[in-house]
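> I'd like to ask you about the structure that follows.
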Amino acid sequence: MKIGVLALQGAFAEHEKVLEQLGAECIELRQARNLSEPYDALVLPGGESTVQGKLLKELGMFDTIKSQIENGMPVLATCAGAILLAETIDGQIKGQPEQYFGTIPMCIRRNAYGRQLGSFHTEAQVAGIGTVPMTFIRAPYIASVGDGVEVLAVVEERIVGVKHKNQMAFSFHPELDPDVRIHKAFLKMI
Ligand code: GLN
């Protein structure tokens with residue numbers, strides 16, 4: 001199993017470690033030519049969504065990845081990655097951030113936990129998986145979801161995990177905790 005891991009910026013190496021531990025092979029997607037290598041699924045890591053979106057556009061990677069997602073390639077997106085998948089960013093006019101893929105009908109709020117609570121750790125249920133550790137770093141939360149979006153996790157009444165067709169998105173960073181069950185569930189989607 002080969003996983004394309006977007007490796008422009010952010011916490012991609014941590015995802016690779018977990019996936020390799022589970023027996024998958026990772027291909028780092030750093031430039032447009034990497035996108036023609038065969039891979040079965042995609043990881044969009046945490047980091048800074050505005051920087052990632054800008055680089056995706058500048059490096060000519062955006063359109064290919066967007067169509068891979070729209071054509072059903074399984075995707076695991078965390079934090080900034082989840083922001084890239086949101087159809088609407090809270091506080092921004094729909095369609096305005098053209099550097100976002102917008103492939104999950106949901107509205108996400110960036111940097112949603114305020115300064116003091118910018119980073120925190122908790123444990124909560126993820127549907128179909130059980131209670132998992134959750135590390136939030138300047139995390140977004142999902143303010144609302146549209147049709148066909150399954151809510152996977154809620155922390156303090158805020159949605160922090162969803163599934164939509166081939167895409168799983170989380171506000172937190174499962175790659176930073178030793179629990180590998182979310183990555184395992186992702187590999188099962190392939
Ligand atoms: N605050 C970041 C953003 O808006 C996301 C933070 C993260 O990925 N840990 O893109």
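Residue names in the structure tokens use chain letters A, B, ... in the order shown, residue numbers from 1 in each chain, and ligand numbers from 1 in the order shown.
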Quick one: residues within 7 Å of Ala82 in chain A, only C-alpha atoms, excluding same-chain residues fewer than 3 positions away - as an MDAnalysis selection string?
chainID A and resid 77:79 85:86 169:171
> Counting only C-alpha atoms and all ligand atoms, which protein, DNA or RNA residues come within 7 Å of ligand 1, given as a list of chain:residue names?
A:Gly46, A:Gly47, A:Glu48, A:Ser49, A:Thr50, A:Thr78, A:Cys79, A:Ala80, A:Gly81, A:Ile83, A:Arg110, A:Asn111, A:Phe136, A:Ile137, A:Arg138, A:Ala139, A:Pro140
> Quick one: pick out all strand (DSSP E) residues within range 1-161 of chain A from a backbone DSSP run and write them as a PyMOL selection string.
chain A and resi 2-6+25-29+41-44+75-78+86-89+104-109+119-126+130-137+141-145+150-155+158-161
> I'd like the contact shell of Gly161 in chain A - 12 Å cut-off, only C-alpha atoms, skipping same-chain residues fewer than 5 positions apart - returned as a count of residues only.
40
> Got a sec to tell me which of chain A DSSP assigns to alpha helix (DSSP H), as an NGL selection string?
:A and (12-21 or 49-58 or 62-70 or 80-85 or 181-188)
> With N, CA and C atoms retained, could you export that selection as a compact mmCIF listing (two decimals), in the first residue's frame?

```txt
# COMPACT_ATOMS: atom_id res chain seq x y z
N PHE A 12 4.26 16.42 8.41
CA PHE A 12 4.11 15.26 7.51
C PHE A 12 4.95 14.07 7.94
N ALA A 13 6.16 14.34 8.48
CA ALA A 13 7.06 13.24 8.86
C ALA A 13 6.43 12.36 9.95
N GLU A 14 5.66 12.99 10.82
CA GLU A 14 5.02 12.26 11.92
C GLU A 14 3.97 11.29 11.37
N HIS A 15 3.23 11.71 10.35
CA HIS A 15 2.28 10.80 9.70
C HIS A 15 3.02 9.62 9.06
N GLU A 16 4.12 9.94 8.40
CA GLU A 16 4.88 8.89 7.70
C GLU A 16 5.35 7.83 8.69
N LYS A 17 5.82 8.27 9.85
CA LYS A 17 6.29 7.33 10.87
C LYS A 17 5.20 6.35 11.25
N VAL A 18 4.00 6.88 11.51
CA VAL A 18 2.88 6.02 11.93
C VAL A 18 2.51 5.07 10.80
N LEU A 19 2.40 5.59 9.59
CA LEU A 19 1.97 4.76 8.46
C LEU A 19 2.98 3.66 8.17
N GLU A 20 4.26 4.00 8.29
CA GLU A 20 5.31 3.00 8.05
C GLU A 20 5.29 1.93 9.14
N GLN A 21 5.03 2.38 10.34
CA GLN A 21 4.89 1.44 11.46
C GLN A 21 3.75 0.45 11.19
N SER A 49 -2.50 26.27 7.02
CA SER A 49 -3.30 26.05 5.80
C SER A 49 -3.08 27.12 4.75
N THR A 50 -2.87 28.37 5.18
CA THR A 50 -2.69 29.42 4.18
C THR A 50 -1.38 29.20 3.40
N VAL A 51 -0.35 28.78 4.12
CA VAL A 51 0.95 28.51 3.47
C VAL A 51 0.82 27.28 2.55
N GLN A 52 0.20 26.25 3.06
CA GLN A 52 0.06 25.03 2.25
C GLN A 52 -0.73 25.31 0.97
N GLY A 53 -1.84 26.06 1.12
CA GLY A 53 -2.68 26.36 -0.04
C GLY A 53 -1.92 27.17 -1.08
N LYS A 54 -1.15 28.14 -0.59
CA LYS A 54 -0.38 29.00 -1.49
C LYS A 54 0.66 28.15 -2.24
N LEU A 55 1.36 27.28 -1.51
CA LEU A 55 2.39 26.44 -2.16
C LEU A 55 1.76 25.46 -3.15
N LEU A 56 0.60 24.90 -2.79
CA LEU A 56 -0.08 23.97 -3.70
C LEU A 56 -0.36 24.65 -5.04
N LYS A 57 -0.78 25.89 -4.96
CA LYS A 57 -1.07 26.66 -6.18
C LYS A 57 0.23 26.98 -6.93
N GLU A 58 1.19 27.53 -6.21
CA GLU A 58 2.43 27.98 -6.84
C GLU A 58 3.20 26.84 -7.50
N PHE A 62 -2.20 21.86 -7.10
CA PHE A 62 -3.55 21.98 -6.55
C PHE A 62 -4.59 21.21 -7.37
N ASP A 63 -4.64 21.45 -8.66
CA ASP A 63 -5.71 20.88 -9.48
C ASP A 63 -5.65 19.36 -9.52
N THR A 64 -4.44 18.81 -9.63
CA THR A 64 -4.30 17.34 -9.69
C THR A 64 -4.78 16.72 -8.39
N ILE A 65 -4.36 17.27 -7.27
CA ILE A 65 -4.77 16.69 -5.98
C ILE A 65 -6.27 16.84 -5.79
N LYS A 66 -6.80 17.98 -6.18
CA LYS A 66 -8.25 18.17 -6.04
C LYS A 66 -9.01 17.11 -6.85
N SER A 67 -8.56 16.86 -8.07
CA SER A 67 -9.31 15.86 -8.84
C SER A 67 -9.08 14.44 -8.31
N GLN A 68 -7.91 14.17 -7.76
CA GLN A 68 -7.71 12.85 -7.12
C GLN A 68 -8.73 12.66 -6.00
N ILE A 69 -8.92 13.70 -5.20
CA ILE A 69 -9.88 13.60 -4.08
C ILE A 69 -11.30 13.44 -4.64
N GLU A 70 -11.64 14.25 -5.63
CA GLU A 70 -13.00 14.19 -6.20
C GLU A 70 -13.26 12.86 -6.90
N ALA A 80 -4.66 21.62 9.69
CA ALA A 80 -4.61 22.47 8.49
C ALA A 80 -5.14 21.70 7.27
N GLY A 81 -4.87 20.41 7.22
CA GLY A 81 -5.39 19.57 6.13
C GLY A 81 -6.90 19.57 6.09
N ALA A 82 -7.52 19.53 7.28
CA ALA A 82 -8.99 19.57 7.36
C ALA A 82 -9.51 20.91 6.86
N ILE A 83 -8.76 21.97 7.15
CA ILE A 83 -9.16 23.30 6.67
C ILE A 83 -9.16 23.33 5.15
N LEU A 84 -8.14 22.71 4.55
CA LEU A 84 -8.06 22.69 3.08
C LEU A 84 -9.26 21.96 2.46
N LEU A 85 -9.85 21.02 3.20
CA LEU A 85 -10.97 20.26 2.64
C LEU A 85 -12.33 20.94 2.84
N ARG A 181 -4.84 3.96 16.01
CA ARG A 181 -6.09 3.40 15.47
C ARG A 181 -6.74 4.26 14.38
N ILE A 182 -6.54 5.56 14.43
CA ILE A 182 -7.13 6.39 13.36
C ILE A 182 -6.42 6.11 12.04
N HIS A 183 -5.11 6.00 12.07
CA HIS A 183 -4.37 5.67 10.85
C HIS A 183 -4.74 4.26 10.35
N LYS A 184 -4.97 3.37 11.30
CA LYS A 184 -5.38 2.01 10.93
C LYS A 184 -6.73 2.04 10.21
N ALA A 185 -7.66 2.83 10.76
CA ALA A 185 -8.99 2.95 10.14
C ALA A 185 -8.87 3.57 8.74
N PHE A 186 -7.96 4.51 8.60
CA PHE A 186 -7.72 5.14 7.29
C PHE A 186 -7.19 4.10 6.29
N LEU A 187 -6.23 3.29 6.71
CA LEU A 187 -5.68 2.28 5.79
C LEU A 187 -6.76 1.27 5.40
N LYS A 188 -7.71 1.05 6.29
CA LYS A 188 -8.81 0.12 5.98
C LYS A 188 -9.72 0.67 4.89
```
> Mind pulling up the distance from CA of Gly146 in chain A to CA of Gly4 in chain A?
27.4 Å
> Nearest residue to Met189 in chain A out of A:Ile89, A:Leu22, A:Val75, A:Leu59, using only C-alpha atoms?
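Among the listed residues, A:Val75 lies closest to Met189 in chain A.
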> Between CA of Tyr100 in chain A and CA of Thr88 in chain A, what is the distance in Å, rounded to a tenth?
9.0 Å
> Could you tell me how far CA of Ser119 in chain A lies from CA of Pro178 in chain A, in Å and to one decimal?
17.7 Å
> With only C-alpha atoms as the counted atoms, please give the residues lying no more than 12 Å from Asn34 in chain A, apart from itself and same-chain residues fewer than 6 positions off, as a VMD selection string.
chain A and resid 3 to 8 26 to 28 59 to 61 64 to 65
> Go through A:Glu156, A:Glu98, A:Glu175, A:Asp90 one by one, measure the shortest atom-to-atom distance of each to Glu123 in chain A using only C-alpha atoms, and give the residue with the smallest value.
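Among the listed residues, A:Glu156 lies closest to Glu123 in chain A.
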> Can you list, as a PDB file with C-alpha atoms, in the first residue's frame, every protein, DNA or RNA residue that comes within 7 Å of Met73 in chain A when you count only C-alpha atoms, leaving out same-chain residues fewer than 6 positions away?

```pdb
ATOM      1  CA  ASP A  40      -3.417   4.633  -3.262  1.00  0.00           C
ATOM      2  CA  ALA A  41      -4.364   7.286  -0.736  1.00  0.00           C
ATOM      3  CA  ASN A 166     -13.604   8.956   0.817  1.00  0.00           C
TER       4      ASN A 166
END
```
